[in-house]
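Let me begin by presenting the structure, written as structure tokens, before commenting on it.
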Amino acid sequence: NAGVTQTPKFRILKIGQSMTLQCTQDMNHNYMYWYRQDPGMGLKLIYYSVGAGITDKGEVPNGYNVSRSTTEDFPLRLELAAPSQTSVYFCASSFGTAPNEQFFGPGTRLTVL
Amino acid sequence: DAKTTQPPSMDCAEGRAANLPCNHSTISGNEYVYWYRQIHSQGPQYIIHGLKNNETNEMASLIITEDRKSSTLILPHATLRDTAVYYCIVRVARSSGSARQLTFGSGTQLTVLP
């Protein structure tokens, strides 16, 4: 199993540009999550999904959109990039049943200039 | 989720056991103890979890006190690659809304020395 994979690994955007961060998992997990981690800080939940077609906002959803058309994929969309979105983005997945441990991807390092 | 307290940093000699403590005195009966680690610039990695009993897997052992107010993560033979920030997280297995997120505190920076 590849686990959770994310692309790209690195990206530099100009203010106002848009992009999609890709996340795929091959563990047949129902739940998927997007977190961001600013330098020296903990992770903050952006969006999560409990299954295909179902998504919900986390702690910091503004400026982002998600979709979940399949069990495997959970892309994160940035429509109008802003410097405040410079961060490392992690995707994670879990079964959703107890004990519900989360498995993380390697991250996407995004810089908005 | 119950609050956890961990020492900010610890050193361990390579090949020796690393014992990382965590206090969670306000833990509820339905809350699990999870341990994750984050090696610099990488995604957090799940290590182990437990509810009441001690647990062991290929990575580590988790010792939970009988009153469940504290626990210890044991890496039996630490290597240089185990240098990371280790997070102790206490939470119910399933929760709603934003409570589904994992809340990573400050953790313990473990440095394995050659």
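For the structure tokens, the naming scheme is as follows: chains receive sequential letters (A, B, ...) according to their order of presentation, residues are indexed from 1 within each chain, and ligands are indexed from 1 in presentation order.
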Inset, instruction - Skip segment 9-19 of chain A itself and residues of its chain fewer than 5 positions away, then list as number ranges by chain all residues within 6 Å of it, counting only C-alpha atoms. - result: A: 77-82, 108-113
With N, CA, C and O atoms retained, export the selected residues as a tab-separated table (two decimals), in the first residue's frame.
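Once everything was written out, this is part32.tsv:
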```tsv
chain	number	residue	atom	x	y	z
A	77	ARG	N	-8.86	22.84	-3.01
A	77	ARG	CA	-8.78	23.91	-3.99
A	77	ARG	C	-8.55	25.25	-3.31
A	77	ARG	O	-9.27	25.61	-2.36
A	78	LEU	N	-7.54	25.98	-3.80
A	78	LEU	CA	-7.33	27.37	-3.39
A	78	LEU	C	-7.72	28.23	-4.58
A	78	LEU	O	-7.14	28.10	-5.66
A	79	GLU	N	-8.70	29.11	-4.43
A	79	GLU	CA	-9.21	29.88	-5.56
A	79	GLU	C	-8.43	31.16	-5.80
A	79	GLU	O	-8.08	31.48	-6.91
A	80	LEU	N	-8.18	31.92	-4.78
A	80	LEU	CA	-7.47	33.20	-4.91
A	80	LEU	C	-6.38	33.21	-3.83
A	80	LEU	O	-6.63	33.60	-2.70
A	81	ALA	N	-5.20	32.77	-4.22
A	81	ALA	CA	-4.15	32.58	-3.23
A	81	ALA	C	-3.76	33.90	-2.56
A	81	ALA	O	-3.66	34.96	-3.23
A	82	ALA	N	-3.53	33.83	-1.26
A	82	ALA	CA	-3.11	34.99	-0.48
A	82	ALA	C	-1.87	34.61	0.33
A	82	ALA	O	-1.68	33.43	0.65
A	108	THR	N	2.39	19.08	1.36
A	108	THR	CA	2.68	19.99	0.25
A	108	THR	C	3.10	21.32	0.85
A	108	THR	O	2.35	21.90	1.63
A	109	ARG	N	4.30	21.77	0.48
A	109	ARG	CA	4.80	23.05	1.00
A	109	ARG	C	4.44	24.13	0.00
A	109	ARG	O	4.94	24.12	-1.12
A	110	LEU	N	3.55	25.04	0.40
A	110	LEU	CA	3.05	26.09	-0.49
A	110	LEU	C	3.53	27.46	-0.04
A	110	LEU	O	3.43	27.80	1.14
A	111	THR	N	4.07	28.22	-0.99
A	111	THR	CA	4.47	29.60	-0.73
A	111	THR	C	3.69	30.51	-1.67
A	111	THR	O	3.66	30.27	-2.87
A	112	VAL	N	3.07	31.54	-1.11
A	112	VAL	CA	2.33	32.52	-1.91
A	112	VAL	C	3.05	33.86	-1.81
A	112	VAL	O	3.23	34.40	-0.72
A	113	LEU	N	3.50	34.36	-2.97
A	113	LEU	CA	4.28	35.60	-2.99
A	113	LEU	C	3.50	36.72	-3.67
A	113	LEU	O	2.69	36.46	-4.57
```
Inset, instruction - Write down, as a PyMOL selection string, each residue of chain A that has any atom within 8 Å of an atom of chain B, counting only C-alpha atoms. - result: chain A and resi 42-45+56-59+90+96-107
Inset, instruction - Do a neighbour search on Asp67 of chain B at 10 Å with only C-alpha atoms, toss out local chain neighbours closer than 6 positions, and write the hits as JSON, numbers by chain. - result: {"B": [25, 27, 52]}
Inset, instruction - One decimal, Å: what's the distance from atom CA of His40 of chain B over to atom CA of Leu62 of chain B, could you say? - result: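 Distance reported for this atom pair: 23.0 Å.
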Inset, instruction - Can you pull out every residue within 7 Å of segment 21-36 of chain A, counting only C-alpha atoms, but drop anything in the same chain fewer than 4 positions away, and send it as a ChimeraX atom specification? - result: /A:1-8,43-51,71-77,87-96
Tell me, which residues of chain A carry DSSP strand (DSSP E or B), written as a PDB file with N, CA, C and O atoms, in the first residue's frame?
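That gives us result12.pdb:
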```pdb
ATOM      1  N   VAL A   4      -1.162   7.322   2.071  1.00  0.00           N
ATOM      2  CA  VAL A   4      -1.696   8.611   1.650  1.00  0.00           C
ATOM      3  C   VAL A   4      -0.630   9.313   0.814  1.00  0.00           C
ATOM      4  O   VAL A   4       0.490   9.505   1.289  1.00  0.00           O
ATOM      5  N   THR A   5      -0.974   9.668  -0.402  1.00  0.00           N
ATOM      6  CA  THR A   5      -0.037  10.371  -1.271  1.00  0.00           C
ATOM      7  C   THR A   5      -0.568  11.765  -1.582  1.00  0.00           C
ATOM      8  O   THR A   5      -1.785  11.963  -1.702  1.00  0.00           O
ATOM      9  N   GLN A   6       0.362  12.724  -1.692  1.00  0.00           N
ATOM     10  CA  GLN A   6       0.005  14.106  -1.983  1.00  0.00           C
ATOM     11  C   GLN A   6       0.873  14.641  -3.108  1.00  0.00           C
ATOM     12  O   GLN A   6       2.072  14.335  -3.181  1.00  0.00           O
ATOM     13  N   THR A   7       0.269  15.418  -3.968  1.00  0.00           N
ATOM     14  CA  THR A   7       1.021  16.135  -5.003  1.00  0.00           C
ATOM     15  C   THR A   7       0.485  17.540  -5.116  1.00  0.00           C
ATOM     16  O   THR A   7      -0.713  17.775  -4.879  1.00  0.00           O
ATOM     17  N   PHE A  10       6.035  20.642  -3.557  1.00  0.00           N
ATOM     18  CA  PHE A  10       6.323  22.060  -3.371  1.00  0.00           C
ATOM     19  C   PHE A  10       5.600  22.858  -4.457  1.00  0.00           C
ATOM     20  O   PHE A  10       5.407  22.366  -5.564  1.00  0.00           O
ATOM     21  N   ARG A  11       5.217  24.086  -4.107  1.00  0.00           N
ATOM     22  CA  ARG A  11       4.606  24.956  -5.105  1.00  0.00           C
ATOM     23  C   ARG A  11       4.765  26.403  -4.649  1.00  0.00           C
ATOM     24  O   ARG A  11       4.620  26.707  -3.469  1.00  0.00           O
ATOM     25  N   ILE A  12       5.071  27.268  -5.620  1.00  0.00           N
ATOM     26  CA  ILE A  12       5.090  28.710  -5.368  1.00  0.00           C
ATOM     27  C   ILE A  12       3.988  29.325  -6.223  1.00  0.00           C
ATOM     28  O   ILE A  12       3.936  29.095  -7.436  1.00  0.00           O
ATOM     29  N   LEU A  13       3.125  30.100  -5.592  1.00  0.00           N
ATOM     30  CA  LEU A  13       2.031  30.774  -6.294  1.00  0.00           C
ATOM     31  C   LEU A  13       2.184  32.282  -6.169  1.00  0.00           C
ATOM     32  O   LEU A  13       2.720  32.767  -5.173  1.00  0.00           O
ATOM     33  N   MET A  19      -4.977  27.000  -7.417  1.00  0.00           N
ATOM     34  CA  MET A  19      -4.375  25.688  -7.612  1.00  0.00           C
ATOM     35  C   MET A  19      -5.157  24.643  -6.828  1.00  0.00           C
ATOM     36  O   MET A  19      -5.942  24.980  -5.937  1.00  0.00           O
ATOM     37  N   THR A  20      -4.919  23.394  -7.192  1.00  0.00           N
ATOM     38  CA  THR A  20      -5.532  22.270  -6.486  1.00  0.00           C
ATOM     39  C   THR A  20      -4.446  21.379  -5.922  1.00  0.00           C
ATOM     40  O   THR A  20      -3.521  20.976  -6.644  1.00  0.00           O
ATOM     41  N   LEU A  21      -4.530  21.098  -4.635  1.00  0.00           N
ATOM     42  CA  LEU A  21      -3.641  20.143  -3.981  1.00  0.00           C
ATOM     43  C   LEU A  21      -4.331  18.783  -4.023  1.00  0.00           C
ATOM     44  O   LEU A  21      -5.496  18.650  -3.624  1.00  0.00           O
ATOM     45  N   GLN A  22      -3.591  17.792  -4.528  1.00  0.00           N
ATOM     46  CA  GLN A  22      -4.178  16.470  -4.692  1.00  0.00           C
ATOM     47  C   GLN A  22      -3.851  15.571  -3.503  1.00  0.00           C
ATOM     48  O   GLN A  22      -2.764  15.655  -2.923  1.00  0.00           O
ATOM     49  N   CYS A  23      -4.805  14.732  -3.127  1.00  0.00           N
ATOM     50  CA  CYS A  23      -4.617  13.754  -2.051  1.00  0.00           C
ATOM     51  C   CYS A  23      -5.327  12.466  -2.442  1.00  0.00           C
ATOM     52  O   CYS A  23      -6.506  12.495  -2.833  1.00  0.00           O
ATOM     53  N   THR A  24      -4.623  11.362  -2.330  1.00  0.00           N
ATOM     54  CA  THR A  24      -5.181  10.048  -2.647  1.00  0.00           C
ATOM     55  C   THR A  24      -4.764   9.060  -1.576  1.00  0.00           C
ATOM     56  O   THR A  24      -3.624   9.066  -1.135  1.00  0.00           O
ATOM     57  N   GLN A  25      -5.722   8.190  -1.179  1.00  0.00           N
ATOM     58  CA  GLN A  25      -5.387   7.127  -0.228  1.00  0.00           C
ATOM     59  C   GLN A  25      -5.884   5.794  -0.781  1.00  0.00           C
ATOM     60  O   GLN A  25      -6.930   5.735  -1.419  1.00  0.00           O
ATOM     61  N   TYR A  31     -12.943   8.264   6.149  1.00  0.00           N
ATOM     62  CA  TYR A  31     -12.712   9.648   6.546  1.00  0.00           C
ATOM     63  C   TYR A  31     -11.428  10.173   5.908  1.00  0.00           C
ATOM     64  O   TYR A  31     -10.408   9.481   5.873  1.00  0.00           O
ATOM     65  N   MET A  32     -11.500  11.425   5.464  1.00  0.00           N
ATOM     66  CA  MET A  32     -10.303  12.110   4.991  1.00  0.00           C
ATOM     67  C   MET A  32     -10.302  13.536   5.517  1.00  0.00           C
ATOM     68  O   MET A  32     -11.359  14.111   5.787  1.00  0.00           O
ATOM     69  N   TYR A  33      -9.086  14.104   5.667  1.00  0.00           N
ATOM     70  CA  TYR A  33      -8.919  15.391   6.333  1.00  0.00           C
ATOM     71  C   TYR A  33      -7.866  16.213   5.602  1.00  0.00           C
ATOM     72  O   TYR A  33      -6.914  15.664   5.047  1.00  0.00           O
ATOM     73  N   TRP A  34      -8.028  17.525   5.664  1.00  0.00           N
ATOM     74  CA  TRP A  34      -6.980  18.452   5.243  1.00  0.00           C
ATOM     75  C   TRP A  34      -6.612  19.329   6.434  1.00  0.00           C
ATOM     76  O   TRP A  34      -7.477  19.949   7.058  1.00  0.00           O
ATOM     77  N   TYR A  35      -5.296  19.365   6.728  1.00  0.00           N
ATOM     78  CA  TYR A  35      -4.757  20.220   7.766  1.00  0.00           C
ATOM     79  C   TYR A  35      -3.756  21.187   7.142  1.00  0.00           C
ATOM     80  O   TYR A  35      -3.147  20.896   6.123  1.00  0.00           O
ATOM     81  N   ARG A  36      -3.527  22.300   7.820  1.00  0.00           N
ATOM     82  CA  ARG A  36      -2.406  23.155   7.491  1.00  0.00           C
ATOM     83  C   ARG A  36      -1.544  23.340   8.737  1.00  0.00           C
ATOM     84  O   ARG A  36      -2.068  23.320   9.865  1.00  0.00           O
ATOM     85  N   GLN A  37      -0.248  23.498   8.532  1.00  0.00           N
ATOM     86  CA  GLN A  37       0.675  23.686   9.637  1.00  0.00           C
ATOM     87  C   GLN A  37       1.582  24.862   9.304  1.00  0.00           C
ATOM     88  O   GLN A  37       2.411  24.788   8.406  1.00  0.00           O
ATOM     89  N   LEU A  43      -1.121  21.631  14.011  1.00  0.00           N
ATOM     90  CA  LEU A  43      -1.956  21.450  12.820  1.00  0.00           C
ATOM     91  C   LEU A  43      -3.351  22.023  13.057  1.00  0.00           C
ATOM     92  O   LEU A  43      -3.903  21.893  14.144  1.00  0.00           O
ATOM     93  N   LYS A  44      -3.903  22.623  12.026  1.00  0.00           N
ATOM     94  CA  LYS A  44      -5.274  23.122  12.086  1.00  0.00           C
ATOM     95  C   LYS A  44      -6.094  22.484  10.974  1.00  0.00           C
ATOM     96  O   LYS A  44      -5.652  22.438   9.824  1.00  0.00           O
ATOM     97  N   LEU A  45      -7.289  22.021  11.309  1.00  0.00           N
ATOM     98  CA  LEU A  45      -8.146  21.324  10.352  1.00  0.00           C
ATOM     99  C   LEU A  45      -8.825  22.319   9.433  1.00  0.00           C
ATOM    100  O   LEU A  45      -9.461  23.272   9.893  1.00  0.00           O
ATOM    101  N   ILE A  46      -8.726  22.087   8.120  1.00  0.00           N
ATOM    102  CA  ILE A  46      -9.340  22.965   7.134  1.00  0.00           C
ATOM    103  C   ILE A  46     -10.723  22.421   6.747  1.00  0.00           C
ATOM    104  O   ILE A  46     -11.736  23.097   6.866  1.00  0.00           O
ATOM    105  N   TYR A  47     -10.747  21.218   6.238  1.00  0.00           N
ATOM    106  CA  TYR A  47     -11.967  20.523   5.842  1.00  0.00           C
ATOM    107  C   TYR A  47     -11.798  19.049   6.151  1.00  0.00           C
ATOM    108  O   TYR A  47     -10.690  18.541   6.243  1.00  0.00           O
ATOM    109  N   TYR A  48     -12.917  18.343   6.261  1.00  0.00           N
ATOM    110  CA  TYR A  48     -12.869  16.910   6.390  1.00  0.00           C
ATOM    111  C   TYR A  48     -14.057  16.301   5.649  1.00  0.00           C
ATOM    112  O   TYR A  48     -15.005  16.996   5.264  1.00  0.00           O
ATOM    113  N   SER A  49     -13.979  14.993   5.443  1.00  0.00           N
ATOM    114  CA  SER A  49     -15.026  14.271   4.729  1.00  0.00           C
ATOM    115  C   SER A  49     -15.237  12.920   5.389  1.00  0.00           C
ATOM    116  O   SER A  49     -14.265  12.228   5.722  1.00  0.00           O
ATOM    117  N   VAL A  50     -16.494  12.538   5.584  1.00  0.00           N
ATOM    118  CA  VAL A  50     -16.793  11.248   6.207  1.00  0.00           C
ATOM    119  C   VAL A  50     -17.159  10.188   5.174  1.00  0.00           C
ATOM    120  O   VAL A  50     -17.477   9.054   5.538  1.00  0.00           O
ATOM    121  N   GLY A  51     -17.116  10.561   3.902  1.00  0.00           N
ATOM    122  CA  GLY A  51     -17.391   9.603   2.842  1.00  0.00           C
ATOM    123  C   GLY A  51     -17.594  10.334   1.532  1.00  0.00           C
ATOM    124  O   GLY A  51     -17.715  11.571   1.503  1.00  0.00           O
ATOM    125  N   ILE A  54     -19.674  13.707   0.840  1.00  0.00           N
ATOM    126  CA  ILE A  54     -19.966  14.385   2.112  1.00  0.00           C
ATOM    127  C   ILE A  54     -18.716  15.098   2.606  1.00  0.00           C
ATOM    128  O   ILE A  54     -17.678  14.461   2.833  1.00  0.00           O
ATOM    129  N   THR A  55     -18.815  16.420   2.728  1.00  0.00           N
ATOM    130  CA  THR A  55     -17.692  17.190   3.257  1.00  0.00           C
ATOM    131  C   THR A  55     -18.206  18.184   4.287  1.00  0.00           C
ATOM    132  O   THR A  55     -19.394  18.532   4.294  1.00  0.00           O
ATOM    133  N   ASP A  56     -17.309  18.646   5.141  1.00  0.00           N
ATOM    134  CA  ASP A  56     -17.698  19.628   6.148  1.00  0.00           C
ATOM    135  C   ASP A  56     -16.496  20.474   6.529  1.00  0.00           C
ATOM    136  O   ASP A  56     -15.339  20.056   6.356  1.00  0.00           O
ATOM    137  N   LYS A  57     -16.810  21.690   7.033  1.00  0.00           N
ATOM    138  CA  LYS A  57     -15.757  22.634   7.389  1.00  0.00           C
ATOM    139  C   LYS A  57     -15.084  22.239   8.687  1.00  0.00           C
ATOM    140  O   LYS A  57     -15.703  21.711   9.603  1.00  0.00           O
ATOM    141  N   TYR A  64     -10.662  28.183   0.995  1.00  0.00           N
ATOM    142  CA  TYR A  64     -10.457  26.823   0.474  1.00  0.00           C
ATOM    143  C   TYR A  64     -11.793  26.185   0.094  1.00  0.00           C
ATOM    144  O   TYR A  64     -12.833  26.539   0.630  1.00  0.00           O
ATOM    145  N   ASN A  65     -11.712  25.228  -0.823  1.00  0.00           N
ATOM    146  CA  ASN A  65     -12.859  24.390  -1.154  1.00  0.00           C
ATOM    147  C   ASN A  65     -12.392  22.966  -1.356  1.00  0.00           C
ATOM    148  O   ASN A  65     -11.240  22.726  -1.712  1.00  0.00           O
ATOM    149  N   VAL A  66     -13.306  22.020  -1.114  1.00  0.00           N
ATOM    150  CA  VAL A  66     -12.977  20.607  -1.277  1.00  0.00           C
ATOM    151  C   VAL A  66     -14.115  19.911  -1.998  1.00  0.00           C
ATOM    152  O   VAL A  66     -15.229  20.421  -2.098  1.00  0.00           O
ATOM    153  N   ASP A  73     -10.041   9.851  -3.329  1.00  0.00           N
ATOM    154  CA  ASP A  73      -9.490  11.175  -3.622  1.00  0.00           C
ATOM    155  C   ASP A  73     -10.187  12.282  -2.849  1.00  0.00           C
ATOM    156  O   ASP A  73     -11.420  12.289  -2.728  1.00  0.00           O
ATOM    157  N   LEU A  76      -7.987  19.538  -2.513  1.00  0.00           N
ATOM    158  CA  LEU A  76      -8.184  20.829  -1.843  1.00  0.00           C
ATOM    159  C   LEU A  76      -7.920  21.935  -2.847  1.00  0.00           C
ATOM    160  O   LEU A  76      -6.857  21.980  -3.451  1.00  0.00           O
ATOM    161  N   ARG A  77      -8.858  22.838  -3.008  1.00  0.00           N
ATOM    162  CA  ARG A  77      -8.780  23.906  -3.990  1.00  0.00           C
ATOM    163  C   ARG A  77      -8.553  25.249  -3.309  1.00  0.00           C
ATOM    164  O   ARG A  77      -9.265  25.605  -2.361  1.00  0.00           O
ATOM    165  N   LEU A  78      -7.537  25.985  -3.802  1.00  0.00           N
ATOM    166  CA  LEU A  78      -7.328  27.369  -3.393  1.00  0.00           C
ATOM    167  C   LEU A  78      -7.717  28.234  -4.580  1.00  0.00           C
ATOM    168  O   LEU A  78      -7.138  28.101  -5.661  1.00  0.00           O
ATOM    169  N   SER A  87       1.969  27.901   3.819  1.00  0.00           N
ATOM    170  CA  SER A  87       1.920  26.916   4.887  1.00  0.00           C
ATOM    171  C   SER A  87       2.321  25.553   4.323  1.00  0.00           C
ATOM    172  O   SER A  87       2.569  25.410   3.125  1.00  0.00           O
ATOM    173  N   VAL A  88       2.384  24.569   5.200  1.00  0.00           N
ATOM    174  CA  VAL A  88       2.525  23.180   4.768  1.00  0.00           C
ATOM    175  C   VAL A  88       1.165  22.510   4.944  1.00  0.00           C
ATOM    176  O   VAL A  88       0.557  22.617   6.010  1.00  0.00           O
ATOM    177  N   TYR A  89       0.701  21.854   3.904  1.00  0.00           N
ATOM    178  CA  TYR A  89      -0.619  21.241   3.911  1.00  0.00           C
ATOM    179  C   TYR A  89      -0.486  19.724   3.988  1.00  0.00           C
ATOM    180  O   TYR A  89       0.231  19.106   3.201  1.00  0.00           O
ATOM    181  N   PHE A  90      -1.190  19.149   4.955  1.00  0.00           N
ATOM    182  CA  PHE A  90      -1.173  17.701   5.140  1.00  0.00           C
ATOM    183  C   PHE A  90      -2.570  17.134   4.937  1.00  0.00           C
ATOM    184  O   PHE A  90      -3.550  17.654   5.471  1.00  0.00           O
ATOM    185  N   CYS A  91      -2.623  16.064   4.204  1.00  0.00           N
ATOM    186  CA  CYS A  91      -3.840  15.290   4.040  1.00  0.00           C
ATOM    187  C   CYS A  91      -3.741  14.058   4.927  1.00  0.00           C
ATOM    188  O   CYS A  91      -2.638  13.515   5.118  1.00  0.00           O
ATOM    189  N   ALA A  92      -4.848  13.616   5.489  1.00  0.00           N
ATOM    190  CA  ALA A  92      -4.857  12.431   6.332  1.00  0.00           C
ATOM    191  C   ALA A  92      -6.118  11.634   6.069  1.00  0.00           C
ATOM    192  O   ALA A  92      -7.094  12.148   5.503  1.00  0.00           O
ATOM    193  N   SER A  93      -6.109  10.374   6.486  1.00  0.00           N
ATOM    194  CA  SER A  93      -7.293   9.553   6.345  1.00  0.00           C
ATOM    195  C   SER A  93      -7.415   8.601   7.525  1.00  0.00           C
ATOM    196  O   SER A  93      -6.428   8.326   8.223  1.00  0.00           O
ATOM    197  N   SER A  94      -8.627   8.114   7.751  1.00  0.00           N
ATOM    198  CA  SER A  94      -8.868   7.147   8.827  1.00  0.00           C
ATOM    199  C   SER A  94     -10.125   6.351   8.509  1.00  0.00           C
ATOM    200  O   SER A  94     -10.918   6.736   7.650  1.00  0.00           O
ATOM    201  N   PHE A 103      -3.846   8.600   9.438  1.00  0.00           N
ATOM    202  CA  PHE A 103      -2.616   8.368   8.709  1.00  0.00           C
ATOM    203  C   PHE A 103      -2.399   9.547   7.767  1.00  0.00           C
ATOM    204  O   PHE A 103      -3.293   9.907   7.005  1.00  0.00           O
ATOM    205  N   PHE A 104      -1.195  10.108   7.828  1.00  0.00           N
ATOM    206  CA  PHE A 104      -0.909  11.355   7.131  1.00  0.00           C
ATOM    207  C   PHE A 104      -0.073  11.148   5.876  1.00  0.00           C
ATOM    208  O   PHE A 104       0.750  10.225   5.803  1.00  0.00           O
ATOM    209  N   THR A 108       2.393  19.082   1.363  1.00  0.00           N
ATOM    210  CA  THR A 108       2.684  19.989   0.252  1.00  0.00           C
ATOM    211  C   THR A 108       3.101  21.318   0.851  1.00  0.00           C
ATOM    212  O   THR A 108       2.347  21.904   1.628  1.00  0.00           O
ATOM    213  N   ARG A 109       4.301  21.766   0.482  1.00  0.00           N
ATOM    214  CA  ARG A 109       4.798  23.046   0.999  1.00  0.00           C
ATOM    215  C   ARG A 109       4.442  24.125   0.005  1.00  0.00           C
ATOM    216  O   ARG A 109       4.935  24.123  -1.120  1.00  0.00           O
ATOM    217  N   LEU A 110       3.554  25.045   0.400  1.00  0.00           N
ATOM    218  CA  LEU A 110       3.053  26.090  -0.490  1.00  0.00           C
ATOM    219  C   LEU A 110       3.534  27.460  -0.038  1.00  0.00           C
ATOM    220  O   LEU A 110       3.430  27.800   1.139  1.00  0.00           O
ATOM    221  N   THR A 111       4.067  28.217  -0.990  1.00  0.00           N
ATOM    222  CA  THR A 111       4.473  29.600  -0.726  1.00  0.00           C
ATOM    223  C   THR A 111       3.694  30.508  -1.665  1.00  0.00           C
ATOM    224  O   THR A 111       3.657  30.269  -2.870  1.00  0.00           O
ATOM    225  N   VAL A 112       3.071  31.545  -1.107  1.00  0.00           N
ATOM    226  CA  VAL A 112       2.331  32.519  -1.905  1.00  0.00           C
ATOM    227  C   VAL A 112       3.053  33.858  -1.812  1.00  0.00           C
ATOM    228  O   VAL A 112       3.232  34.405  -0.716  1.00  0.00           O
TER     229      VAL A 112
END
```
Mind running segment 27-113 of chain B against segment 6-23 of chain B at 9 Å and telling me each contacting residue's nearest atom pair with the distance in Å (one decimal), counting only C-alpha atoms, chain and number ascending, as a Markdown table?
```
| residue | atom | partner | partner_atom | distance |
| --- | --- | --- | --- | --- |
| B:Lys69 | CA | B:Asn23 | CA | 6.1 |
| B:Ser70 | CA | B:Asn23 | CA | 4.3 |
| B:Ser71 | CA | B:Cys22 | CA | 5.3 |
| B:Thr72 | CA | B:Pro21 | CA | 4.4 |
| B:Leu73 | CA | B:Leu20 | CA | 5.0 |
| B:Ile74 | CA | B:Asn19 | CA | 4.7 |
| B:Leu75 | CA | B:Ala18 | CA | 5.0 |
| B:Pro76 | CA | B:Ala17 | CA | 4.3 |
| B:His77 | CA | B:Gly15 | CA | 4.6 |
| B:Ala78 | CA | B:Gly15 | CA | 5.1 |
| B:Thr79 | CA | B:Glu14 | CA | 5.2 |
| B:Leu80 | CA | B:Glu14 | CA | 6.5 |
| B:Val85 | CA | B:Ser9 | CA | 8.5 |
| B:Tyr86 | CA | B:Leu20 | CA | 8.2 |
| B:Tyr87 | CA | B:Gln6 | CA | 8.2 |
| B:Cys88 | CA | B:Cys22 | CA | 6.5 |
| B:Gly105 | CA | B:Gln6 | CA | 8.9 |
| B:Ser106 | CA | B:Pro8 | CA | 7.2 |
| B:Gly107 | CA | B:Gln6 | CA | 6.0 |
| B:Thr108 | CA | B:Pro8 | CA | 4.6 |
| B:Gln109 | CA | B:Ser9 | CA | 4.5 |
| B:Leu110 | CA | B:Met10 | CA | 5.0 |
| B:Thr111 | CA | B:Asp11 | CA | 4.8 |
| B:Val112 | CA | B:Cys12 | CA | 4.8 |
| B:Leu113 | CA | B:Ala13 | CA | 4.9 |
```
